[in-house]
>>> print(open('structure-v5.csv').read())   # CSV, N, CA and C atoms
chain,number,residue,atom,x,y,z
A,1,GLN,N,6.5,-2.7,20.9
A,1,GLN,CA,6.5,-1.3,20.5
A,1,GLN,C,6.4,-1.3,19.0
A,2,VAL,N,5.4,-0.5,18.5
A,2,VAL,CA,5.2,-0.4,17.1
A,2,VAL,C,6.1,0.6,16.5
A,3,ARG,N,6.8,0.3,15.4
A,3,ARG,CA,7.7,1.2,14.7
A,3,ARG,C,7.4,1.1,13.2
A,4,LEU,N,7.4,2.2,12.6
A,4,LEU,CA,7.3,2.3,11.1
A,4,LEU,C,8.5,3.1,10.6
A,5,VAL,N,9.4,2.5,9.9
A,5,VAL,CA,10.6,3.1,9.4
A,5,VAL,C,10.6,3.2,7.9
A,6,GLN,N,10.7,4.5,7.4
A,6,GLN,CA,10.6,4.8,6.0
A,6,GLN,C,11.9,4.9,5.4
A,7,SER,N,11.9,4.7,4.0
A,7,SER,CA,13.1,5.0,3.2
A,7,SER,C,12.6,5.4,1.8
A,8,GLY,N,13.5,5.9,1.1
A,8,GLY,CA,13.2,6.4,-0.3
A,8,GLY,C,13.0,7.9,-0.3
A,9,GLY,N,12.4,8.4,-1.3
A,9,GLY,CA,12.2,9.8,-1.5
A,9,GLY,C,13.4,10.5,-2.0
A,10,GLY,N,13.4,11.9,-2.1
A,10,GLY,CA,14.5,12.7,-2.6
A,10,GLY,C,14.0,13.7,-3.6
A,11,LEU,N,14.9,14.2,-4.4
A,11,LEU,CA,14.6,15.2,-5.4
A,11,LEU,C,14.6,14.6,-6.8
A,12,VAL,N,13.5,14.8,-7.5
A,12,VAL,CA,13.4,14.4,-8.9
A,12,VAL,C,12.8,15.5,-9.7
A,13,GLN,N,13.0,15.3,-11.0
A,13,GLN,CA,12.4,16.2,-12.0
A,13,GLN,C,11.0,15.8,-12.4
A,14,PRO,N,10.2,16.7,-12.8
A,14,PRO,CA,8.8,16.4,-13.2
A,14,PRO,C,8.8,15.3,-14.3
A,15,GLY,N,7.9,14.4,-14.1
A,15,GLY,CA,7.8,13.2,-15.0
A,15,GLY,C,8.5,12.0,-14.5
A,16,GLU,N,9.4,12.2,-13.6
A,16,GLU,CA,10.2,11.0,-13.1
A,16,GLU,C,9.4,10.2,-12.0
A,17,SER,N,10.0,9.1,-11.6
A,17,SER,CA,9.4,8.2,-10.6
A,17,SER,C,10.2,8.1,-9.4
A,18,LEU,N,9.6,7.6,-8.3
A,18,LEU,CA,10.2,7.3,-7.0
A,18,LEU,C,9.5,6.2,-6.4
A,19,ARG,N,10.2,5.5,-5.5
A,19,ARG,CA,9.5,4.5,-4.7
A,19,ARG,C,9.8,4.7,-3.2
A,20,LEU,N,8.8,4.7,-2.4
A,20,LEU,CA,9.0,4.8,-1.0
A,20,LEU,C,8.7,3.5,-0.3
A,21,SER,N,9.4,3.2,0.8
A,21,SER,CA,9.2,2.0,1.5
A,21,SER,C,8.9,2.3,3.0
A,22,CYS,N,8.2,1.4,3.6
A,22,CYS,CA,7.9,1.5,5.0
A,22,CYS,C,7.9,0.1,5.6
A,23,VAL,N,8.9,0.0,6.5
A,23,VAL,CA,9.0,-1.3,7.2
A,23,VAL,C,8.4,-1.2,8.6
A,24,ALA,N,7.5,-2.2,8.9
A,24,ALA,CA,6.8,-2.2,10.2
A,24,ALA,C,7.4,-3.2,11.1
A,25,SER,N,7.3,-2.9,12.4
A,25,SER,CA,7.7,-3.9,13.4
A,25,SER,C,6.8,-3.7,14.6
A,26,GLY,N,6.6,-4.7,15.4
A,26,GLY,CA,5.8,-4.6,16.6
A,26,GLY,C,4.3,-4.9,16.4
A,27,ILE,N,4.0,-5.2,15.2
A,27,ILE,CA,2.6,-5.5,14.9
A,27,ILE,C,2.5,-6.8,14.0
A,28,ASN,N,1.4,-7.4,13.9
A,28,ASN,CA,1.2,-8.5,13.0
A,28,ASN,C,0.8,-7.9,11.6
A,29,PHE,N,1.9,-7.5,10.9
A,29,PHE,CA,1.8,-6.7,9.8
A,29,PHE,C,0.7,-7.2,8.8
A,30,LYS,N,0.6,-8.5,8.5
A,30,LYS,CA,-0.2,-9.0,7.5
A,30,LYS,C,-1.7,-8.7,7.7
A,31,ILE,N,-2.1,-8.4,8.9
A,31,ILE,CA,-3.5,-8.2,9.1
A,31,ILE,C,-3.9,-6.8,9.2
A,32,HIS,N,-2.9,-5.9,9.1
A,32,HIS,CA,-3.2,-4.5,9.3
A,32,HIS,C,-3.4,-3.7,8.0
A,33,PRO,N,-4.5,-2.9,7.8
A,33,PRO,CA,-4.5,-1.9,6.8
A,33,PRO,C,-3.4,-0.9,7.0
A,34,MET,N,-2.8,-0.5,5.9
A,34,MET,CA,-1.7,0.5,5.9
A,34,MET,C,-2.0,1.6,5.0
A,35,ASN,N,-1.5,2.8,5.3
A,35,ASN,CA,-1.8,4.0,4.6
A,35,ASN,C,-0.5,4.8,4.3
A,36,TRP,N,-0.6,5.5,3.2
A,36,TRP,CA,0.4,6.6,2.9
A,36,TRP,C,-0.4,7.9,3.0
A,37,TYR,N,0.2,8.9,3.7
A,37,TYR,CA,-0.3,10.2,3.8
A,37,TYR,C,0.9,11.1,3.2
A,38,ARG,N,0.5,12.4,3.0
A,38,ARG,CA,1.5,13.4,2.7
A,38,ARG,C,1.0,14.7,3.2
A,39,GLN,N,2.0,15.6,3.4
A,39,GLN,CA,1.7,16.9,3.9
A,39,GLN,C,2.7,17.9,3.2
A,40,ALA,N,2.0,18.8,2.4
A,40,ALA,CA,2.8,19.8,1.7
A,40,ALA,C,2.9,21.1,2.6
A,41,PRO,N,3.9,21.9,2.4
A,41,PRO,CA,4.0,23.1,3.2
A,41,PRO,C,2.7,24.0,3.2
A,42,GLY,N,2.3,24.3,4.4
A,42,GLY,CA,1.1,25.1,4.6
A,42,GLY,C,-0.2,24.4,4.4
A,43,LYS,N,-0.2,23.1,4.2
A,43,LYS,CA,-1.4,22.4,3.9
A,43,LYS,C,-1.6,21.3,5.0
A,44,GLN,N,-2.8,20.8,5.1
A,44,GLN,CA,-3.1,19.7,6.0
A,44,GLN,C,-2.6,18.4,5.4
A,45,ARG,N,-2.3,17.5,6.3
A,45,ARG,CA,-1.9,16.1,5.9
A,45,ARG,C,-3.1,15.5,5.2
A,46,GLU,N,-2.8,14.8,4.1
A,46,GLU,CA,-3.9,14.2,3.3
A,46,GLU,C,-3.6,12.7,3.0
A,47,LEU,N,-4.6,11.9,2.9
A,47,LEU,CA,-4.5,10.5,2.6
A,47,LEU,C,-4.2,10.4,1.2
A,48,VAL,N,-3.2,9.6,0.8
A,48,VAL,CA,-2.8,9.4,-0.6
A,48,VAL,C,-3.2,8.0,-1.1
A,49,ALA,N,-3.0,7.0,-0.2
A,49,ALA,CA,-3.3,5.6,-0.7
A,49,ALA,C,-3.5,4.7,0.5
A,50,THR,N,-4.3,3.7,0.4
A,50,THR,CA,-4.5,2.7,1.4
A,50,THR,C,-4.4,1.3,0.8
A,51,ILE,N,-3.9,0.4,1.6
A,51,ILE,CA,-3.9,-1.0,1.2
A,51,ILE,C,-4.4,-1.8,2.4
A,52,ASN,N,-5.4,-2.6,2.1
A,52,ASN,CA,-6.0,-3.4,3.2
A,52,ASN,C,-5.2,-4.7,3.3
A,53,ALA,N,-5.6,-5.5,4.4
A,53,ALA,CA,-5.0,-6.8,4.6
A,53,ALA,C,-5.2,-7.7,3.5
A,54,SER,N,-6.3,-7.6,2.8
A,54,SER,CA,-6.6,-8.4,1.6
A,54,SER,C,-5.8,-8.1,0.4
A,55,GLY,N,-5.1,-6.9,0.4
A,55,GLY,CA,-4.4,-6.4,-0.7
A,55,GLY,C,-5.2,-5.4,-1.6
A,56,SER,N,-6.5,-5.2,-1.2
A,56,SER,CA,-7.3,-4.2,-2.0
A,56,SER,C,-6.7,-2.8,-1.7
A,57,THR,N,-6.9,-2.0,-2.6
A,57,THR,CA,-6.3,-0.6,-2.6
A,57,THR,C,-7.3,0.5,-2.8
A,58,ASP,N,-7.0,1.6,-2.4
A,58,ASP,CA,-7.8,2.8,-2.6
A,58,ASP,C,-6.8,4.0,-2.7
A,59,TYR,N,-7.2,5.0,-3.6
A,59,TYR,CA,-6.3,6.1,-3.8
A,59,TYR,C,-7.1,7.4,-3.8
A,60,SER,N,-6.4,8.5,-3.5
A,60,SER,CA,-7.0,9.8,-3.6
A,60,SER,C,-7.1,10.2,-5.1
A,61,ALA,N,-7.9,11.2,-5.3
A,61,ALA,CA,-8.1,11.6,-6.7
A,61,ALA,C,-6.8,12.0,-7.3
A,62,SER,N,-5.9,12.7,-6.5
A,62,SER,CA,-4.6,13.2,-7.1
A,62,SER,C,-3.6,12.1,-7.3
A,63,SER,N,-3.7,11.0,-6.7
A,63,SER,CA,-2.7,9.9,-6.9
A,63,SER,C,-3.2,8.8,-7.8
A,64,LYS,N,-4.5,8.7,-8.0
A,64,LYS,CA,-5.0,7.6,-8.7
A,64,LYS,C,-4.5,7.6,-10.2
A,65,GLY,N,-4.0,6.4,-10.6
A,65,GLY,CA,-3.5,6.4,-12.0
A,65,GLY,C,-2.0,6.6,-12.1
A,66,ARG,N,-1.5,7.2,-11.1
A,66,ARG,CA,0.0,7.5,-11.1
A,66,ARG,C,0.7,6.8,-10.0
A,67,PHE,N,0.1,6.6,-8.9
A,67,PHE,CA,0.7,6.0,-7.7
A,67,PHE,C,0.2,4.5,-7.6
A,68,THR,N,1.0,3.7,-7.1
A,68,THR,CA,0.6,2.3,-6.8
A,68,THR,C,1.1,1.9,-5.4
A,69,VAL,N,0.2,1.5,-4.5
A,69,VAL,CA,0.6,1.0,-3.2
A,69,VAL,C,0.6,-0.5,-3.2
A,70,SER,N,1.6,-1.1,-2.6
A,70,SER,CA,1.7,-2.5,-2.5
A,70,SER,C,2.3,-2.9,-1.2
A,71,ARG,N,2.2,-4.2,-0.9
A,71,ARG,CA,2.8,-4.7,0.4
A,71,ARG,C,3.4,-6.0,0.2
A,72,ASP,N,4.5,-6.3,1.0
A,72,ASP,CA,5.2,-7.5,1.0
A,72,ASP,C,5.1,-8.0,2.4
A,73,ASN,N,4.1,-8.9,2.7
A,73,ASN,CA,3.9,-9.3,4.0
A,73,ASN,C,5.1,-10.1,4.7
A,74,PRO,N,5.7,-11.0,4.0
A,74,PRO,CA,6.9,-11.6,4.6
A,74,PRO,C,8.0,-10.7,5.0
A,75,ARG,N,8.1,-9.5,4.4
A,75,ARG,CA,9.1,-8.5,4.7
A,75,ARG,C,8.5,-7.4,5.6
A,76,ASN,N,7.2,-7.5,6.0
A,76,ASN,CA,6.6,-6.5,6.8
A,76,ASN,C,6.8,-5.1,6.2
A,77,THR,N,6.7,-5.0,4.9
A,77,THR,CA,7.0,-3.8,4.1
A,77,THR,C,5.9,-3.4,3.2
A,78,MET,N,5.6,-2.1,3.2
A,78,MET,CA,4.7,-1.4,2.3
A,78,MET,C,5.5,-0.5,1.4
A,79,TYR,N,5.0,-0.4,0.2
A,79,TYR,CA,5.7,0.4,-0.8
A,79,TYR,C,4.7,1.4,-1.4
A,80,LEU,N,5.2,2.5,-1.9
A,80,LEU,CA,4.5,3.5,-2.7
A,80,LEU,C,5.3,3.8,-3.9
A,81,HIS,N,4.8,3.3,-5.1
A,81,HIS,CA,5.5,3.6,-6.3
A,81,HIS,C,4.8,4.8,-6.9
A,82,MET,N,5.6,5.8,-7.2
A,82,MET,CA,5.0,7.1,-7.7
A,82,MET,C,5.6,7.4,-9.1
A,83,ASN,N,4.7,7.4,-10.1
A,83,ASN,CA,5.1,7.7,-11.5
A,83,ASN,C,4.6,9.1,-11.9
A,84,ASN,N,5.2,9.6,-12.9
A,84,ASN,CA,4.8,10.8,-13.5
A,84,ASN,C,4.7,11.9,-12.5
A,85,LEU,N,5.6,12.1,-11.6
A,85,LEU,CA,5.6,13.1,-10.6
A,85,LEU,C,5.5,14.5,-11.1
A,86,ASN,N,4.8,15.3,-10.4
A,86,ASN,CA,4.8,16.7,-10.8
A,86,ASN,C,5.0,17.6,-9.5
A,87,PRO,N,5.3,18.9,-9.7
A,87,PRO,CA,5.6,19.7,-8.5
A,87,PRO,C,4.6,19.7,-7.4
A,88,GLU,N,3.3,19.5,-7.8
A,88,GLU,CA,2.2,19.4,-6.8
A,88,GLU,C,2.3,18.2,-5.8
A,89,ASP,N,3.2,17.3,-6.2
A,89,ASP,CA,3.4,16.1,-5.4
A,89,ASP,C,4.5,16.4,-4.3
A,90,THR,N,5.1,17.5,-4.4
A,90,THR,CA,6.1,17.8,-3.4
A,90,THR,C,5.5,17.9,-2.0
A,91,ALA,N,6.1,17.1,-1.1
A,91,ALA,CA,5.5,17.0,0.3
A,91,ALA,C,6.4,16.1,1.1
A,92,VAL,N,6.1,16.1,2.4
A,92,VAL,CA,6.6,15.0,3.3
A,92,VAL,C,5.6,13.9,3.3
A,93,TYR,N,6.1,12.7,3.0
A,93,TYR,CA,5.2,11.5,2.9
A,93,TYR,C,5.4,10.7,4.2
A,94,TYR,N,4.3,10.2,4.7
A,94,TYR,CA,4.3,9.4,5.9
A,94,TYR,C,3.5,8.1,5.7
A,95,CYS,N,4.1,7.0,6.2
A,95,CYS,CA,3.3,5.8,6.3
A,95,CYS,C,2.6,5.8,7.7
A,96,ASN,N,1.5,5.0,7.7
A,96,ASN,CA,0.6,5.0,8.9
A,96,ASN,C,-0.1,3.7,9.0
A,97,THR,N,-0.4,3.4,10.3
A,97,THR,CA,-1.3,2.3,10.6
A,97,THR,C,-2.1,2.7,11.9
A,98,TYR,N,-3.2,2.0,12.1
A,98,TYR,CA,-4.0,2.3,13.3
A,98,TYR,C,-4.2,1.0,14.0
A,99,TRP,N,-3.9,1.0,15.3
A,99,TRP,CA,-4.0,-0.2,16.1
A,99,TRP,C,-4.3,0.2,17.5
A,100,ARG,N,-5.2,-0.5,18.1
A,100,ARG,CA,-5.6,-0.3,19.5
A,100,ARG,C,-5.9,1.1,19.8
A,101,GLU,N,-6.7,1.7,18.9
A,101,GLU,CA,-7.2,3.1,19.1
A,101,GLU,C,-6.1,4.1,19.0
A,102,ARG,N,-5.0,3.8,18.3
A,102,ARG,CA,-3.9,4.7,18.2
A,102,ARG,C,-3.3,4.7,16.8
A,103,ASN,N,-3.0,5.9,16.3
A,103,ASN,CA,-2.3,6.1,15.1
A,103,ASN,C,-0.8,5.9,15.3
A,104,TYR,N,-0.2,5.2,14.4
A,104,TYR,CA,1.3,5.1,14.3
A,104,TYR,C,1.8,5.7,13.0
A,105,TRP,N,2.9,6.5,13.1
A,105,TRP,CA,3.4,7.1,11.9
A,105,TRP,C,4.9,6.8,11.7
A,106,GLY,N,5.3,6.8,10.4
A,106,GLY,CA,6.7,6.7,10.1
A,106,GLY,C,7.3,8.1,10.4
A,107,GLN,N,8.6,8.2,10.2
A,107,GLN,CA,9.3,9.4,10.5
A,107,GLN,C,9.1,10.5,9.4
A,108,GLY,N,8.6,10.1,8.3
A,108,GLY,CA,8.4,11.1,7.2
A,108,GLY,C,9.6,11.1,6.2
A,109,THR,N,9.2,11.2,5.0
A,109,THR,CA,10.2,11.2,3.9
A,109,THR,C,9.9,12.4,3.0
A,110,GLN,N,10.9,13.2,2.7
A,110,GLN,CA,10.7,14.4,1.8
A,110,GLN,C,10.8,13.9,0.4
A,111,VAL,N,9.8,14.3,-0.4
A,111,VAL,CA,9.7,14.2,-1.8
A,111,VAL,C,9.6,15.5,-2.4
A,112,THR,N,10.6,15.9,-3.3
A,112,THR,CA,10.6,17.2,-3.9
A,112,THR,C,10.7,17.0,-5.4
A,113,VAL,N,9.7,17.6,-6.1
A,113,VAL,CA,9.7,17.5,-7.6
A,113,VAL,C,9.9,18.9,-8.1
A,114,SER,N,11.0,19.0,-8.8
A,114,SER,CA,11.4,20.3,-9.3
A,114,SER,C,12.4,20.2,-10.5
A,115,SER,N,12.2,21.1,-11.4
A,115,SER,CA,13.1,21.1,-12.5
A,115,SER,C,14.3,22.1,-12.3
>>> encode(input="structure-v5.csv", output="structure tokens")
Amino acid sequence: QVRLVQSGGGLVQPGESLRLSCVASGINFKIHPMNWYRQAPGKQRELVATINASGSTDYSASSKGRFTVSRDNPRNTMYLHMNNLNPEDTAVYYCNTYWRERNYWGQGTQVTVSS
């Protein structure tokens, strides 16, 4: 059974930083591309960052330069380091992977950026 369990998030002020974590089980983590998505109120879920098995990364225009996705394969864990957060980053963040024609999602983590 594939499980993605998230931690991190919370309430921060503009300009501050946060780190999200996603621990995977039930898959051979080191070979799987992993993704971070987010969904703001009233908006569609959007892809924020991707990290491939090789460690190569890709970012959305809104996250590039401020967010860093990384992975620790021995710990089956993916991270999202978010710097210089602004109110537009307020959303529920989800980790994701795709395996055997199915998407798997973490439980979601609320990130709120407000002064």
>>> atom_distance(input="structure-v5.csv", atom1="CA of Gly65 (chain A)", atom2="atom N of Gly106 (chain A)")
24.1 Å
>>> select_by_dssp(input="structure-v5.csv", residues="chain A", states="strand (DSSP E)", output="JSON, numbers by chain")
{"A": [3, 4, 5, 6, 7, 8, 10, 11, 12, 18, 19, 20, 21, 22, 23, 24, 25, 34, 35, 36, 37, 38, 39, 46, 47, 48, 49, 50, 51, 57, 58, 59, 67, 68, 69, 70, 71, 72, 77, 78, 79, 80, 81, 82, 91, 92, 93, 94, 95, 96, 97, 98, 99, 102, 103, 104, 105, 109, 110, 111, 112, 113]}
>>> residues_around(input="structure-v5.csv", residues="Gln107 (chain A)", least_positions_apart="5", cutoff="8 Å", atoms="only C-alpha atoms", output="PyMOL selection string")
chain A and resi 4-6+94
>>> closest_residue(input="structure-v5.csv", among="A:Ser63, A:Ser7, A:Thr68, A:Ser17", to="Leu85 (chain A)", atoms="only N, CA and C atoms")
A:Ser17
>>> closest_residue(input="structure-v5.csv", among="A:Ile51, A:Arg45, A:Tyr98, A:Asn83", to="Ser70 (chain A)", atoms="all atoms listed in the file")
A:Ile51
>>> select_by_dssp(input="structure-v5.csv", residues="chain A", states="helix (DSSP H, G or I)", output="PyMOL selection string")
chain A and resi 29-31+73-75+87-89
>>> residues_near_point(input="structure-v5.csv", point="(2.7, 9.3, 11.0)", cutoff="8 Å", atoms="only C-alpha atoms", output="PyMOL selection string")
chain A and resi 37+94-96+103-108
>>> atom_distance(input="structure-v5.csv", atom1="CA of Met78 (chain A)", atom2="atom C of Arg19 (chain A)")
9.7 Å
>>> closest_residue(input="structure-v5.csv", among="A:Thr57, A:Asn35, A:Gln13, A:Ser25", to="Arg75 (chain A)", atoms="only C-alpha atoms")
A:Ser25
>>> residues_around(input="structure-v5.csv", residues="Ala40 (chain A)", least_positions_apart="2", cutoff="8 Å", atoms="all atoms listed in the file", output="ChimeraX atom specification")
/A:37-38,42-46,88-93
>>> atom_distance(input="structure-v5.csv", atom1="atom C of Ala24 (chain A)", atom2="atom N of Arg102 (chain A)")
16.0 Å
>>> closest_residue(input="structure-v5.csv", among="A:Glu101, A:Gly9, A:Trp36, A:Val2", to="Val48 (chain A)", atoms="only N, CA and C atoms")
A:Trp36
>>> closest_residue(input="structure-v5.csv", among="A:Gly26, A:Gly15, A:Met34, A:Gly55", to="Pro87 (chain A)", atoms="all atoms listed in the file")
A:Gly15
>>> closest_residue(input="structure-v5.csv", among="A:Ser115, A:Ser60, A:Cys22, A:His32", to="Tyr79 (chain A)", atoms="all atoms listed in the file")
A:Cys22
